[in-house]
file entry-v7.cif (mmCIF, C-alpha atoms and all ligand atoms)
data_query
#
loop_
_atom_site.label_atom_id
_atom_site.label_comp_id
_atom_site.auth_asym_id
_atom_site.auth_seq_id
_atom_site.Cartn_x
_atom_site.Cartn_y
_atom_site.Cartn_z
CA MET A 1 7.77 1.15 49.25
CA SER A 2 4.59 1.93 47.32
CA ASP A 3 4.33 4.62 44.68
CA ASN A 4 2.40 6.69 47.24
CA ILE A 5 5.80 8.21 47.94
CA LEU A 6 5.36 10.05 44.63
CA SER A 7 3.37 13.25 44.38
CA LYS A 8 -0.12 12.85 42.92
CA THR A 9 0.91 14.89 39.88
CA ILE A 10 3.76 12.52 39.09
CA ARG A 11 1.75 9.38 39.94
CA ASP A 12 -0.82 10.46 37.38
CA LEU A 13 1.78 11.40 34.75
CA LYS A 14 2.05 9.20 31.66
CA HIS A 15 5.41 7.93 30.43
CA SER A 16 6.53 9.27 27.06
CA ALA A 17 5.18 6.70 24.59
CA THR A 18 7.91 7.44 22.06
CA GLU A 19 10.70 7.01 24.60
CA GLU A 20 9.03 3.86 25.95
CA VAL A 21 9.01 2.31 22.47
CA ASP A 22 12.64 3.24 21.96
CA ASN A 23 13.67 1.93 25.39
CA LEU A 24 11.81 -1.33 24.76
CA VAL A 25 13.53 -1.77 21.38
CA LYS A 26 16.92 -1.16 23.02
CA ARG A 27 16.12 -3.65 25.79
CA MET A 28 14.93 -6.32 23.33
CA ARG A 29 18.13 -5.82 21.33
CA GLN A 30 20.22 -6.17 24.48
CA GLU A 31 18.37 -9.40 25.27
CA GLY A 32 19.47 -10.79 21.92
CA VAL A 33 16.56 -9.95 19.58
CA ASP A 34 18.78 -8.82 16.74
CA ASP A 35 16.35 -8.38 13.84
CA ILE A 36 14.19 -5.47 15.04
CA VAL A 37 13.47 -2.89 12.40
CA SER A 38 12.53 0.42 13.98
CA LEU A 39 10.20 3.00 12.50
CA GLY A 40 9.58 4.13 16.04
CA VAL A 41 12.23 6.58 16.90
CA GLY A 42 11.97 10.31 16.21
CA GLU A 43 15.64 10.79 15.65
CA PRO A 44 17.77 11.55 12.58
CA CYS A 45 19.35 8.48 11.00
CA PHE A 46 22.41 10.54 10.12
CA ASP A 47 25.40 11.22 12.31
CA THR A 48 26.31 14.75 13.43
CA PRO A 49 28.43 16.39 10.67
CA ASP A 50 32.18 15.90 11.26
CA ASN A 51 33.03 19.61 11.44
CA ILE A 52 30.56 20.05 14.30
CA LYS A 53 32.02 17.10 16.19
CA GLN A 54 35.51 18.44 15.57
CA ALA A 55 34.59 21.85 17.00
CA ALA A 56 33.36 20.23 20.23
CA VAL A 57 36.45 18.00 20.47
CA GLU A 58 38.73 21.00 20.05
CA ALA A 59 36.75 22.96 22.64
CA LEU A 60 37.07 20.07 25.06
CA TRP A 61 40.86 19.91 24.63
CA ALA A 62 41.05 23.69 24.93
CA GLY A 63 39.61 23.40 28.42
CA GLU A 64 35.98 24.24 27.73
CA THR A 65 34.94 22.12 30.67
CA LYS A 66 33.51 24.69 33.07
CA TYR A 67 30.12 26.10 33.98
CA GLN A 68 28.72 28.47 31.38
CA PRO A 69 26.34 31.41 31.81
CA THR A 70 22.90 29.96 32.52
CA ASN A 71 21.45 31.41 29.33
CA GLY A 72 24.32 30.01 27.24
CA SER A 73 27.68 31.27 25.99
CA PHE A 74 27.64 34.76 24.52
CA GLU A 75 29.14 33.51 21.26
CA LEU A 76 26.47 30.87 20.75
CA ARG A 77 23.66 33.28 21.59
CA LYS A 78 25.12 35.72 19.08
CA GLU A 79 25.02 33.06 16.37
CA ILE A 80 21.47 32.11 17.34
CA CYS A 81 20.40 35.78 16.98
CA GLU A 82 21.93 35.86 13.50
CA LYS A 83 20.18 32.66 12.54
CA LEU A 84 16.83 33.87 13.89
CA ARG A 85 17.21 37.12 11.99
CA LYS A 86 18.17 35.56 8.65
CA LYS A 87 16.12 32.37 8.61
CA ASN A 88 13.12 33.23 10.78
CA HIS A 89 12.90 37.03 10.44
CA ILE A 90 12.85 37.27 14.22
CA SER A 91 14.80 40.12 15.72
CA ALA A 92 16.10 39.13 19.14
CA ASP A 93 18.88 40.54 21.24
CA VAL A 94 21.59 38.21 22.67
CA ASP A 95 19.99 38.71 26.07
CA ASP A 96 16.67 37.48 24.69
CA ILE A 97 18.03 33.99 24.03
CA ILE A 98 18.26 31.05 26.39
CA VAL A 99 20.30 28.03 25.35
CA THR A 100 18.61 24.91 26.71
CA ALA A 101 19.27 21.19 27.00
CA GLY A 102 17.29 20.36 23.86
CA GLY A 103 13.99 21.84 22.75
CA LYS A 104 12.21 19.76 25.37
CA PHE A 105 13.87 21.53 28.29
CA GLY A 106 12.98 24.88 26.73
CA ILE A 107 9.32 23.87 26.68
CA TYR A 108 9.55 22.54 30.23
CA LEU A 109 11.08 25.80 31.48
CA ALA A 110 8.48 27.93 29.70
CA PHE A 111 5.59 25.89 31.10
CA GLN A 112 7.06 25.90 34.60
CA ALA A 113 7.66 29.64 34.50
CA VAL A 114 4.21 30.65 33.29
CA LEU A 115 1.65 28.06 34.37
CA GLU A 116 -0.12 27.32 37.62
CA LYS A 117 -3.23 25.57 38.85
CA GLY A 118 -6.34 26.79 37.07
CA ASP A 119 -4.48 27.66 33.87
CA GLN A 120 -5.06 25.93 30.58
CA VAL A 121 -2.75 25.03 27.72
CA MET A 122 -4.35 24.63 24.32
CA ILE A 123 -2.85 22.03 22.00
CA LEU A 124 -3.87 20.63 18.64
CA ASP A 125 -4.66 16.91 18.70
CA PRO A 126 -2.85 14.75 17.60
CA ALA A 127 0.08 16.41 19.32
CA TRP A 128 3.64 15.59 20.33
CA VAL A 129 3.58 13.43 23.46
CA SER A 130 5.25 15.81 25.94
CA TYR A 131 3.05 18.94 25.78
CA GLU A 132 0.27 17.54 27.95
CA PRO A 133 2.55 16.02 30.64
CA GLY A 134 4.60 19.24 30.58
CA ALA A 135 1.49 21.31 31.26
CA LYS A 136 0.33 18.92 33.97
CA MET A 137 3.70 18.98 35.73
CA ALA A 138 3.19 22.72 36.01
CA GLY A 139 -0.30 22.18 37.49
CA ALA A 140 -2.25 23.31 34.42
CA ASP A 141 -5.01 21.58 32.47
CA VAL A 142 -4.97 20.87 28.76
CA VAL A 143 -7.58 21.72 26.16
CA ARG A 144 -7.20 19.59 23.06
CA ILE A 145 -8.52 20.87 19.76
CA SER A 146 -9.17 18.10 17.26
CA THR A 147 -7.65 18.06 13.81
CA ASN A 148 -8.28 15.40 11.20
CA ALA A 149 -6.87 13.88 8.03
CA GLU A 150 -9.83 15.09 5.94
CA ARG A 151 -8.71 18.66 6.58
CA GLY A 152 -5.04 17.81 6.25
CA PHE A 153 -4.58 18.02 10.04
CA GLN A 154 -4.67 21.82 9.64
CA PRO A 155 -5.82 23.76 12.73
CA ASP A 156 -9.59 24.10 13.11
CA LEU A 157 -9.82 27.85 13.67
CA GLU A 158 -13.51 27.77 14.53
CA ALA A 159 -12.92 25.22 17.29
CA ILE A 160 -9.93 27.16 18.60
CA ARG A 161 -12.01 30.32 18.74
CA ALA A 162 -14.89 28.49 20.44
CA ASN A 163 -12.60 27.09 23.13
CA MET A 164 -10.58 30.22 23.86
CA ASN A 165 -11.23 31.66 27.30
CA SER A 166 -9.39 33.70 29.88
CA ALA A 167 -7.91 30.58 31.55
CA VAL A 168 -5.91 29.70 28.44
CA LYS A 169 -2.41 30.91 29.16
CA ILE A 170 -0.47 29.19 26.39
CA VAL A 171 -1.51 28.02 22.93
CA VAL A 172 0.95 25.57 21.39
CA VAL A 173 1.59 25.35 17.67
CA ASN A 174 4.03 22.83 16.25
CA SER A 175 4.73 23.23 12.57
CA PRO A 176 5.95 21.04 10.95
CA CYS A 177 3.91 18.82 13.23
CA ASN A 178 4.98 15.66 14.99
CA PRO A 179 3.24 13.20 14.39
CA THR A 180 1.30 14.22 11.27
CA GLY A 181 4.03 16.01 9.29
CA THR A 182 1.60 18.84 8.53
CA VAL A 183 3.05 22.28 7.81
CA TYR A 184 0.44 24.73 9.06
CA GLN A 185 -0.69 27.46 6.72
CA ARG A 186 0.83 30.83 7.50
CA SER A 187 -2.64 32.39 7.65
CA ALA A 188 -3.76 29.82 10.24
CA ILE A 189 -0.76 30.40 12.51
CA ARG A 190 -1.32 34.14 12.18
CA GLU A 191 -4.95 33.83 13.14
CA ILE A 192 -4.14 31.63 16.13
CA SER A 193 -1.50 34.16 17.21
CA GLN A 194 -4.03 36.96 16.99
CA LEU A 195 -6.60 35.02 18.95
CA ALA A 196 -4.09 34.16 21.67
CA LYS A 197 -3.14 37.82 21.90
CA GLU A 198 -6.76 38.91 22.20
CA TYR A 199 -7.18 36.62 25.19
CA GLY A 200 -3.89 37.63 26.81
CA ALA A 201 -2.38 34.20 26.18
CA LEU A 202 1.13 33.36 24.95
CA LEU A 203 1.78 31.40 21.79
CA LEU A 204 4.43 28.69 22.07
CA SER A 205 5.80 27.93 18.63
CA ASP A 206 7.71 24.65 18.56
CA GLU A 207 9.84 24.82 15.43
CA VAL A 208 12.22 21.90 15.95
CA TYR A 209 11.41 20.44 12.50
CA GLU A 210 11.83 23.68 10.55
CA TYR A 211 14.69 22.21 8.46
CA GLN A 212 12.62 19.21 7.35
CA ILE A 213 10.11 20.75 4.96
CA TYR A 214 9.33 19.16 1.56
CA GLU A 215 6.20 21.09 0.63
CA GLY A 216 4.91 24.41 1.91
CA GLU A 217 7.00 26.96 3.75
CA HIS A 218 8.00 27.56 7.31
CA TYR A 219 6.57 30.52 9.16
CA SER A 220 7.77 31.78 12.52
CA PRO A 221 5.02 33.80 14.22
CA ALA A 222 7.58 35.66 16.35
CA SER A 223 8.54 37.47 13.13
CA GLU A 224 5.31 39.45 13.56
CA PHE A 225 4.05 38.97 17.11
CA ASP A 226 5.69 39.78 20.42
CA HIS A 227 3.76 37.37 22.67
CA VAL A 228 5.43 34.31 21.16
CA ILE A 229 7.83 31.87 22.81
CA THR A 230 9.85 30.32 20.00
CA VAL A 231 11.42 26.94 20.77
CA ASN A 232 14.04 25.36 18.57
CA ALA A 233 16.91 22.88 18.79
CA PHE A 234 19.91 21.46 16.96
CA SER A 235 18.55 17.94 17.51
CA LYS A 236 16.76 17.42 14.21
CA SER A 237 18.33 20.21 12.11
CA HIS A 238 21.93 19.03 12.53
CA ALA A 239 21.39 15.47 13.78
CA MET A 240 22.45 16.36 17.32
CA THR A 241 19.81 14.68 19.48
CA GLY A 242 22.31 13.30 21.98
CA TRP A 243 24.06 16.64 22.43
CA ARG A 244 21.03 18.11 24.18
CA LEU A 245 21.24 21.54 22.64
CA GLY A 246 18.31 23.82 21.97
CA TYR A 247 17.25 27.44 22.38
CA VAL A 248 14.34 29.67 23.20
CA THR A 249 13.46 33.28 22.61
CA GLY A 250 10.37 35.12 23.79
CA PRO A 251 9.01 37.94 25.93
CA LYS A 252 11.61 39.21 28.42
CA ASP A 253 9.48 38.55 31.50
CA VAL A 254 8.92 34.94 30.51
CA LEU A 255 12.66 34.47 29.89
CA LYS A 256 13.44 35.98 33.30
CA GLY A 257 11.18 33.43 34.99
CA MET A 258 12.70 30.58 33.00
CA ILE A 259 16.21 31.59 34.03
CA LYS A 260 15.31 31.37 37.73
CA ILE A 261 14.16 27.76 37.33
CA TYR A 262 17.19 26.98 35.18
CA GLN A 263 19.61 28.38 37.79
CA HIS A 264 18.14 26.11 40.44
CA SER A 265 17.99 23.01 38.27
CA THR A 266 20.61 22.22 35.63
CA SER A 267 22.60 25.52 35.70
CA CYS A 268 23.66 25.48 32.04
CA VAL A 269 24.25 23.35 28.95
CA THR A 270 27.53 21.39 28.63
CA ALA A 271 30.29 23.84 27.70
CA PHE A 272 31.93 21.99 24.80
CA ALA A 273 28.54 21.01 23.30
CA GLN A 274 27.83 24.73 22.88
CA HIS A 275 30.89 24.98 20.61
CA GLY A 276 29.28 22.37 18.39
CA GLY A 277 26.25 24.64 18.21
CA ILE A 278 28.39 27.62 17.20
CA GLU A 279 29.97 25.57 14.40
CA ALA A 280 26.53 24.36 13.29
CA LEU A 281 25.30 27.92 12.82
CA GLN A 282 28.47 29.63 11.70
CA LYS A 283 29.80 27.38 8.96
CA ARG A 284 28.47 26.84 5.45
CA LYS A 285 29.65 23.25 5.72
CA SER A 286 27.09 22.62 8.45
CA ASP A 287 24.29 24.07 6.33
CA GLN A 288 25.38 21.96 3.39
CA ALA A 289 25.35 18.86 5.59
CA ALA A 290 21.82 19.73 6.76
CA MET A 291 20.73 20.04 3.13
CA VAL A 292 22.23 16.63 2.27
CA MET A 293 20.23 15.17 5.16
CA LEU A 294 17.09 16.86 3.86
CA GLU A 295 17.56 15.21 0.48
CA GLY A 296 18.07 11.89 2.28
CA TYR A 297 14.77 12.33 4.12
CA ARG A 298 13.04 13.34 0.90
CA GLU A 299 14.08 10.06 -0.72
CA ARG A 300 12.95 8.04 2.31
CA ARG A 301 9.66 9.93 2.45
CA ALA A 302 8.98 9.15 -1.22
CA LEU A 303 9.69 5.46 -0.64
CA MET A 304 7.46 5.27 2.44
CA ILE A 305 4.60 7.06 0.69
CA GLU A 306 4.90 4.65 -2.23
CA LEU A 307 4.85 1.61 0.08
CA ILE A 308 1.84 2.91 2.02
CA LYS A 309 0.00 3.53 -1.25
CA LYS A 310 0.73 -0.05 -2.32
CA SER A 311 -0.45 -1.48 0.98
CA ASN A 312 -3.91 -3.00 1.23
CA TYR A 313 -4.07 -2.22 4.92
CA LEU A 314 -2.75 1.33 5.29
CA GLU A 315 -4.08 4.64 4.04
CA LEU A 316 -2.42 8.03 3.89
CA ARG A 317 -5.13 10.61 3.22
CA ILE A 318 -2.77 13.50 3.42
CA LEU A 319 0.89 13.56 2.45
CA PRO A 320 3.20 14.71 5.23
CA GLN A 321 4.77 18.01 4.19
CA GLY A 322 7.47 18.16 6.84
CA ALA A 323 9.30 16.45 9.76
CA PHE A 324 10.17 12.78 9.11
CA TYR A 325 6.97 10.90 9.86
CA CYS A 326 4.06 9.33 8.04
CA PHE A 327 0.84 8.99 10.02
CA PRO A 328 -1.35 6.56 8.09
CA SER A 329 -4.59 5.03 9.27
CA TYR A 330 -5.00 1.24 9.09
CA THR A 331 -7.87 -1.03 8.26
CA LEU A 332 -7.48 -3.62 11.05
CA ASN A 333 -10.12 -3.36 13.73
CA MET A 334 -7.74 -3.03 16.65
CA PRO A 335 -6.64 -0.20 18.99
CA SER A 336 -3.38 1.32 17.84
CA LEU A 337 -1.61 0.44 21.10
CA ASP A 338 -2.42 -3.27 20.66
CA LEU A 339 -1.47 -3.14 17.00
CA SER A 340 1.84 -1.44 17.70
CA GLN A 341 2.67 -3.93 20.46
CA SER A 342 1.76 -6.92 18.28
CA LEU A 343 3.84 -5.57 15.40
CA LEU A 344 6.83 -5.32 17.71
CA GLN A 345 6.36 -8.69 19.36
CA GLU A 346 5.41 -10.71 16.30
CA ALA A 347 7.02 -8.94 13.34
CA HIS A 348 9.80 -7.17 15.24
CA VAL A 349 8.78 -3.88 13.66
CA ALA A 350 8.73 -0.88 16.03
CA THR A 351 6.11 1.84 15.44
CA VAL A 352 4.35 4.35 17.69
CA PRO A 353 0.60 3.95 18.31
CA GLY A 354 -1.39 6.94 17.11
CA SER A 355 -3.30 7.07 20.39
CA ALA A 356 -0.07 8.17 22.12
CA PHE A 357 -0.61 11.56 20.44
CA GLY A 358 -4.23 11.96 21.52
CA THR A 359 -7.68 10.62 20.72
CA CYS A 360 -7.55 11.99 17.15
CA GLY A 361 -4.52 9.75 16.55
CA GLU A 362 -6.43 6.54 17.33
CA GLY A 363 -6.69 4.33 14.26
CA CYS A 364 -3.30 5.53 13.01
CA LEU A 365 0.33 4.51 13.46
CA ARG A 366 3.31 6.83 13.37
CA PHE A 367 6.13 5.61 11.17
CA SER A 368 9.44 7.45 11.23
CA TYR A 369 11.30 7.34 7.94
CA ALA A 370 14.48 8.56 9.58
CA THR A 371 16.08 5.19 9.00
CA THR A 372 17.72 3.34 6.10
CA LEU A 373 15.86 2.68 2.83
CA GLU A 374 16.51 -1.04 3.39
CA ASP A 375 14.89 -0.93 6.83
CA ILE A 376 11.85 0.88 5.43
CA ARG A 377 11.44 -1.81 2.75
CA GLU A 378 11.98 -4.63 5.24
CA ALA A 379 9.52 -3.13 7.74
CA PHE A 380 6.80 -2.86 5.10
CA GLU A 381 7.36 -6.42 3.85
CA ARG A 382 6.98 -7.72 7.39
CA MET A 383 3.97 -5.51 8.11
CA GLU A 384 2.16 -6.71 4.98
CA VAL A 385 2.66 -10.34 6.08
CA PHE A 386 1.49 -9.43 9.59
CA PHE A 387 -1.62 -7.63 8.33
CA LYS A 388 -2.48 -10.47 5.95
CA THR A 389 -2.39 -13.06 8.74
CA HIS A 390 -4.42 -10.89 11.13
CA TYR A 391 -7.03 -9.63 8.73
N1 LIG B 401 9.18 19.15 19.95
C1 LIG B 401 8.82 18.15 19.13
C2 LIG B 401 7.61 18.33 18.29
C3 LIG B 401 9.57 16.97 19.06
O1 LIG B 401 9.20 15.99 18.24
C4 LIG B 401 10.71 16.84 19.89
C5 LIG B 401 11.50 15.61 19.90
O2 LIG B 401 11.17 14.60 19.37
C6 LIG B 401 11.04 17.91 20.72
C7 LIG B 401 10.27 19.05 20.73
C8 LIG B 401 12.23 17.85 21.63
O3 LIG B 401 13.41 17.97 20.94
P1 LIG B 401 14.80 17.84 21.68
O4 LIG B 401 15.32 16.47 21.39
O5 LIG B 401 15.64 18.91 21.09
O6 LIG B 401 14.59 18.04 23.13
#

call {"tool": "encode", "arguments": {"input": "entry-v7.cif", "output": "structure tokens"}}
result
Amino acid sequence: MSDNILSKTIRDLKHSATEEVDNLVKRMRQEGVDDIVSLGVGEPCFDTPDNIKQAAVEALWAGETKYQPTNGSFELRKEICEKLRKKNHISADVDDIIVTAGGKFGIYLAFQAVLEKGDQVMILDPAWVSYEPGAKMAGADVVRISTNAERGFQPDLEAIRANMNSAVKIVVVNSPCNPTGTVYQRSAIREISQLAKEYGALLLSDEVYEYQIYEGEHYSPASEFDHVITVNAFSKSHAMTGWRLGYVTGPKDVLKGMIKIYQHSTSCVTAFAQHGGIEALQKRKSDQAAMVMLEGYRERRALMIELIKKSNYLELRILPQGAFYCFPSYTLNMPSLDLSQSLLQEAHVATVPGSAFGTCGEGCLRFSYATTLEDIREAFERMEVFFKTHY
């Protein structure tokens, strides 16, 4: 059977480059390649804190094995409201929260609920790999606004203004940003919010890296604006990627649309996983564990920055302020996809090509420092040898 069986939209859809790298690494390992060092994966290197695991185990044994309300258990939504109020200065009612299977499903639901053919989604390039496919799956087009290292990958407000039009239905901001690590200035996010509002567009604020900030401060635009869809997740904050637990708040009408799609697709998030989420938000222990992780990332970040600075082949014009990635440019005259593939095949070092995040990412590689200090050192030793032999 040919792939003509697929819809045109899906035939044209790109795979997620980050998941492809991770899947390839896993397959190579399964095939016996046992010395791969991965800087590819966007996942915490820490395990979920024990108290959170324990809460889910207890919930499982207590019979928390049934369907839940589509928008999530009342208790979890209550905790999320508290968290949004205290940490993000967002006032949301329990009925204004939807618990989702990770941040990604929240974005998917929002796009599906709002977008249709003829609409545009504005994203800042380089951007996380799933915004564009998400918009396309909903039939919309994407307008990419370039950012660059010279300006710290901060949003170019002039370009955003110049490209705003009545077809733009959603503007996406992701701060701290994957892949660049940039924390957007509060004033810039505010201005983008205002612009979106003027044009009747929604702002989707993807805040999944809000706990990983080393310089600058986090700002949630929904603290001031009411046309904002805020997306967050426990994945990075509490090292819970495999739990598939996230949440969304936003305008009531948007949430209503999202719920309809949710009811006819996955119904709800796993019952006992939601108890892990409650523990993550309710207990000081969970916060303390998140802070320990943050210090761990800070140490890894410092090491990676030092190694990039020492390298003759890599350059980091702007220090990443948040998330757990460095996004250096390189001096080899080679497309980033070829470079990333060669590094994996020849040096057994996994990275993500910058081009996966958009044309502004070409000439860069994304390194995740969410791994051990030893692996970071080993990866850089191997990369230096690789670069030397290919230069
Ligand atoms: N948004 C960004 C910017 C991400 O990097 C990721 C995951 O890597 C997500 C959303 C999705 O997070 P989750 O694993 O909670 O679905």

call {"tool": "residues_near_ligand", "arguments": {"input": "entry-v7.cif", "ligand": "ligand LIG 401 (chain B)", "cutoff": "10 Å", "atoms": "only C-alpha atoms and all ligand atoms", "output": "ChimeraX atom specification"}}
result
/A:18-19,41-44,100-108,127-131,173-179,181,205-209,231-237,239-247,323-324

call {"tool": "write_last_selection", "arguments": {"input": "entry-v7.cif", "atoms": "C-alpha atoms", "output": "compact mmCIF listing (two decimals), keeping the file's coordinate frame"}}
result
# COMPACT_ATOMS: atom_id res chain seq x y z
CA THR A 18 7.91 7.44 22.06
CA GLU A 19 10.70 7.01 24.60
CA VAL A 41 12.23 6.58 16.90
CA GLY A 42 11.97 10.31 16.21
CA GLU A 43 15.64 10.79 15.65
CA PRO A 44 17.77 11.55 12.58
CA THR A 100 18.61 24.91 26.71
CA ALA A 101 19.27 21.19 27.00
CA GLY A 102 17.29 20.36 23.86
CA GLY A 103 13.99 21.84 22.75
CA LYS A 104 12.21 19.76 25.37
CA PHE A 105 13.87 21.53 28.29
CA GLY A 106 12.98 24.88 26.73
CA ILE A 107 9.32 23.87 26.68
CA TYR A 108 9.55 22.54 30.23
CA ALA A 127 0.08 16.41 19.32
CA TRP A 128 3.64 15.59 20.33
CA VAL A 129 3.58 13.43 23.46
CA SER A 130 5.25 15.81 25.94
CA TYR A 131 3.05 18.94 25.78
CA VAL A 173 1.59 25.35 17.67
CA ASN A 174 4.03 22.83 16.25
CA SER A 175 4.73 23.23 12.57
CA PRO A 176 5.95 21.04 10.95
CA CYS A 177 3.91 18.82 13.23
CA ASN A 178 4.98 15.66 14.99
CA PRO A 179 3.24 13.20 14.39
CA GLY A 181 4.03 16.01 9.29
CA SER A 205 5.80 27.93 18.63
CA ASP A 206 7.71 24.65 18.56
CA GLU A 207 9.84 24.82 15.43
CA VAL A 208 12.22 21.90 15.95
CA TYR A 209 11.41 20.44 12.50
CA VAL A 231 11.42 26.94 20.77
CA ASN A 232 14.04 25.36 18.57
CA ALA A 233 16.91 22.88 18.79
CA PHE A 234 19.91 21.46 16.96
CA SER A 235 18.55 17.94 17.51
CA LYS A 236 16.76 17.42 14.21
CA SER A 237 18.33 20.21 12.11
CA ALA A 239 21.39 15.47 13.78
CA MET A 240 22.45 16.36 17.32
CA THR A 241 19.81 14.68 19.48
CA GLY A 242 22.31 13.30 21.98
CA TRP A 243 24.06 16.64 22.43
CA ARG A 244 21.03 18.11 24.18
CA LEU A 245 21.24 21.54 22.64
CA GLY A 246 18.31 23.82 21.97
CA TYR A 247 17.25 27.44 22.38
CA ALA A 323 9.30 16.45 9.76
CA PHE A 324 10.17 12.78 9.11

call {"tool": "atom_distance", "arguments": {"input": "entry-v7.cif", "atom1": "atom CA of A:Ile97", "atom2": "atom CA of A:Thr249"}}
result
4.8 Å

call {"tool": "residues_near_point", "arguments": {"input": "entry-v7.cif", "point": "(-0.9, -6.5, 1.2)", "cutoff": "9 Å", "atoms": "all atoms listed in the file", "output": "JSON, numbers by chain"}}
result
{"A": [310, 311, 312, 313, 381, 383, 384, 385, 387, 388]}

call {"tool": "atom_distance", "arguments": {"input": "entry-v7.cif", "atom1": "atom CA of A:Pro353", "atom2": "atom CA of A:His390"}}
result
17.2 Å

call {"tool": "residues_around", "arguments": {"input": "entry-v7.cif", "residues": "A:Leu60", "least_positions_apart": "5", "cutoff": "10 Å", "atoms": "all atoms listed in the file", "output": "VMD selection string"}}
result
chain A and resid 54 to 55 65 to 66 271 to 273 275

call {"tool": "atom_distance", "arguments": {"input": "entry-v7.cif", "atom1": "atom CA of A:Ala350", "atom2": "atom CA of A:Glu210"}}
result
25.4 Å

call {"tool": "closest_residue", "arguments": {"input": "entry-v7.cif", "among": "A:Cys45, A:Ala289, A:Met164, A:Leu343", "to": "A:Thr372", "atoms": "only C-alpha atoms"}}
result
A:Cys45

call {"tool": "residues_around", "arguments": {"input": "entry-v7.cif", "residues": "A:Gly276", "least_positions_apart": "6", "cutoff": "7 Å", "atoms": "all atoms listed in the file", "output": "PyMOL selection string"}}
result
chain A and resi 52-53+55-56

call {"tool": "residues_around", "arguments": {"input": "entry-v7.cif", "residues": "stretch 144-156 of chain A", "least_positions_apart": "2", "cutoff": "6 Å", "atoms": "all atoms listed in the file", "output": "number ranges by chain"}}
result
A: 122-125, 158-159, 184, 318

call {"tool": "decode", "arguments": {"input": "entry-v7.cif", "residues": "stretch 242-255 of chain A", "atoms": "N, CA and C atoms", "output": "PDB file, in the first residue's frame"}}
result
ATOM      1  N   GLY A 242       7.575  11.177  31.295  1.00  0.00           N
ATOM      2  CA  GLY A 242       6.848   9.954  30.926  1.00  0.00           C
ATOM      3  C   GLY A 242       5.465   9.840  31.547  1.00  0.00           C
ATOM      4  N   TRP A 243       5.142  10.728  32.453  1.00  0.00           N
ATOM      5  CA  TRP A 243       3.821  10.680  33.099  1.00  0.00           C
ATOM      6  C   TRP A 243       2.735  11.231  32.184  1.00  0.00           C
ATOM      7  N   ARG A 244       3.134  12.089  31.279  1.00  0.00           N
ATOM      8  CA  ARG A 244       2.243  12.806  30.376  1.00  0.00           C
ATOM      9  C   ARG A 244       1.201  13.598  31.168  1.00  0.00           C
ATOM     10  N   LEU A 245       1.683  14.653  31.787  1.00  0.00           N
ATOM     11  CA  LEU A 245       0.828  15.461  32.637  1.00  0.00           C
ATOM     12  C   LEU A 245       1.130  16.947  32.417  1.00  0.00           C
ATOM     13  N   GLY A 246       0.143  17.647  31.926  1.00  0.00           N
ATOM     14  CA  GLY A 246       0.296  19.082  31.704  1.00  0.00           C
ATOM     15  C   GLY A 246      -1.021  19.790  31.976  1.00  0.00           C
ATOM     16  N   TYR A 247      -1.063  21.092  31.726  1.00  0.00           N
ATOM     17  CA  TYR A 247      -2.309  21.829  31.951  1.00  0.00           C
ATOM     18  C   TYR A 247      -2.348  23.108  31.136  1.00  0.00           C
ATOM     19  N   VAL A 248      -3.578  23.552  30.943  1.00  0.00           N
ATOM     20  CA  VAL A 248      -3.815  24.745  30.127  1.00  0.00           C
ATOM     21  C   VAL A 248      -4.845  25.605  30.832  1.00  0.00           C
ATOM     22  N   THR A 249      -4.681  26.917  30.741  1.00  0.00           N
ATOM     23  CA  THR A 249      -5.772  27.809  31.110  1.00  0.00           C
ATOM     24  C   THR A 249      -5.871  28.869  30.001  1.00  0.00           C
ATOM     25  N   GLY A 250      -7.032  29.473  29.879  1.00  0.00           N
ATOM     26  CA  GLY A 250      -7.210  30.452  28.804  1.00  0.00           C
ATOM     27  C   GLY A 250      -8.645  30.921  28.741  1.00  0.00           C
ATOM     28  N   PRO A 251      -8.989  31.640  27.671  1.00  0.00           N
ATOM     29  CA  PRO A 251     -10.356  32.137  27.538  1.00  0.00           C
ATOM     30  C   PRO A 251     -11.373  30.985  27.534  1.00  0.00           C
ATOM     31  N   LYS A 252     -12.496  31.208  28.212  1.00  0.00           N
ATOM     32  CA  LYS A 252     -13.491  30.140  28.397  1.00  0.00           C
ATOM     33  C   LYS A 252     -13.939  29.494  27.082  1.00  0.00           C
ATOM     34  N   ASP A 253     -14.166  30.324  26.065  1.00  0.00           N
ATOM     35  CA  ASP A 253     -14.658  29.774  24.797  1.00  0.00           C
ATOM     36  C   ASP A 253     -13.644  28.833  24.153  1.00  0.00           C
ATOM     37  N   VAL A 254     -12.386  29.197  24.280  1.00  0.00           N
ATOM     38  CA  VAL A 254     -11.330  28.343  23.719  1.00  0.00           C
ATOM     39  C   VAL A 254     -11.315  27.016  24.481  1.00  0.00           C
ATOM     40  N   LEU A 255     -11.397  27.102  25.810  1.00  0.00           N
ATOM     41  CA  LEU A 255     -11.374  25.882  26.634  1.00  0.00           C
ATOM     42  C   LEU A 255     -12.557  24.973  26.291  1.00  0.00           C
TER      43      LEU A 255
END
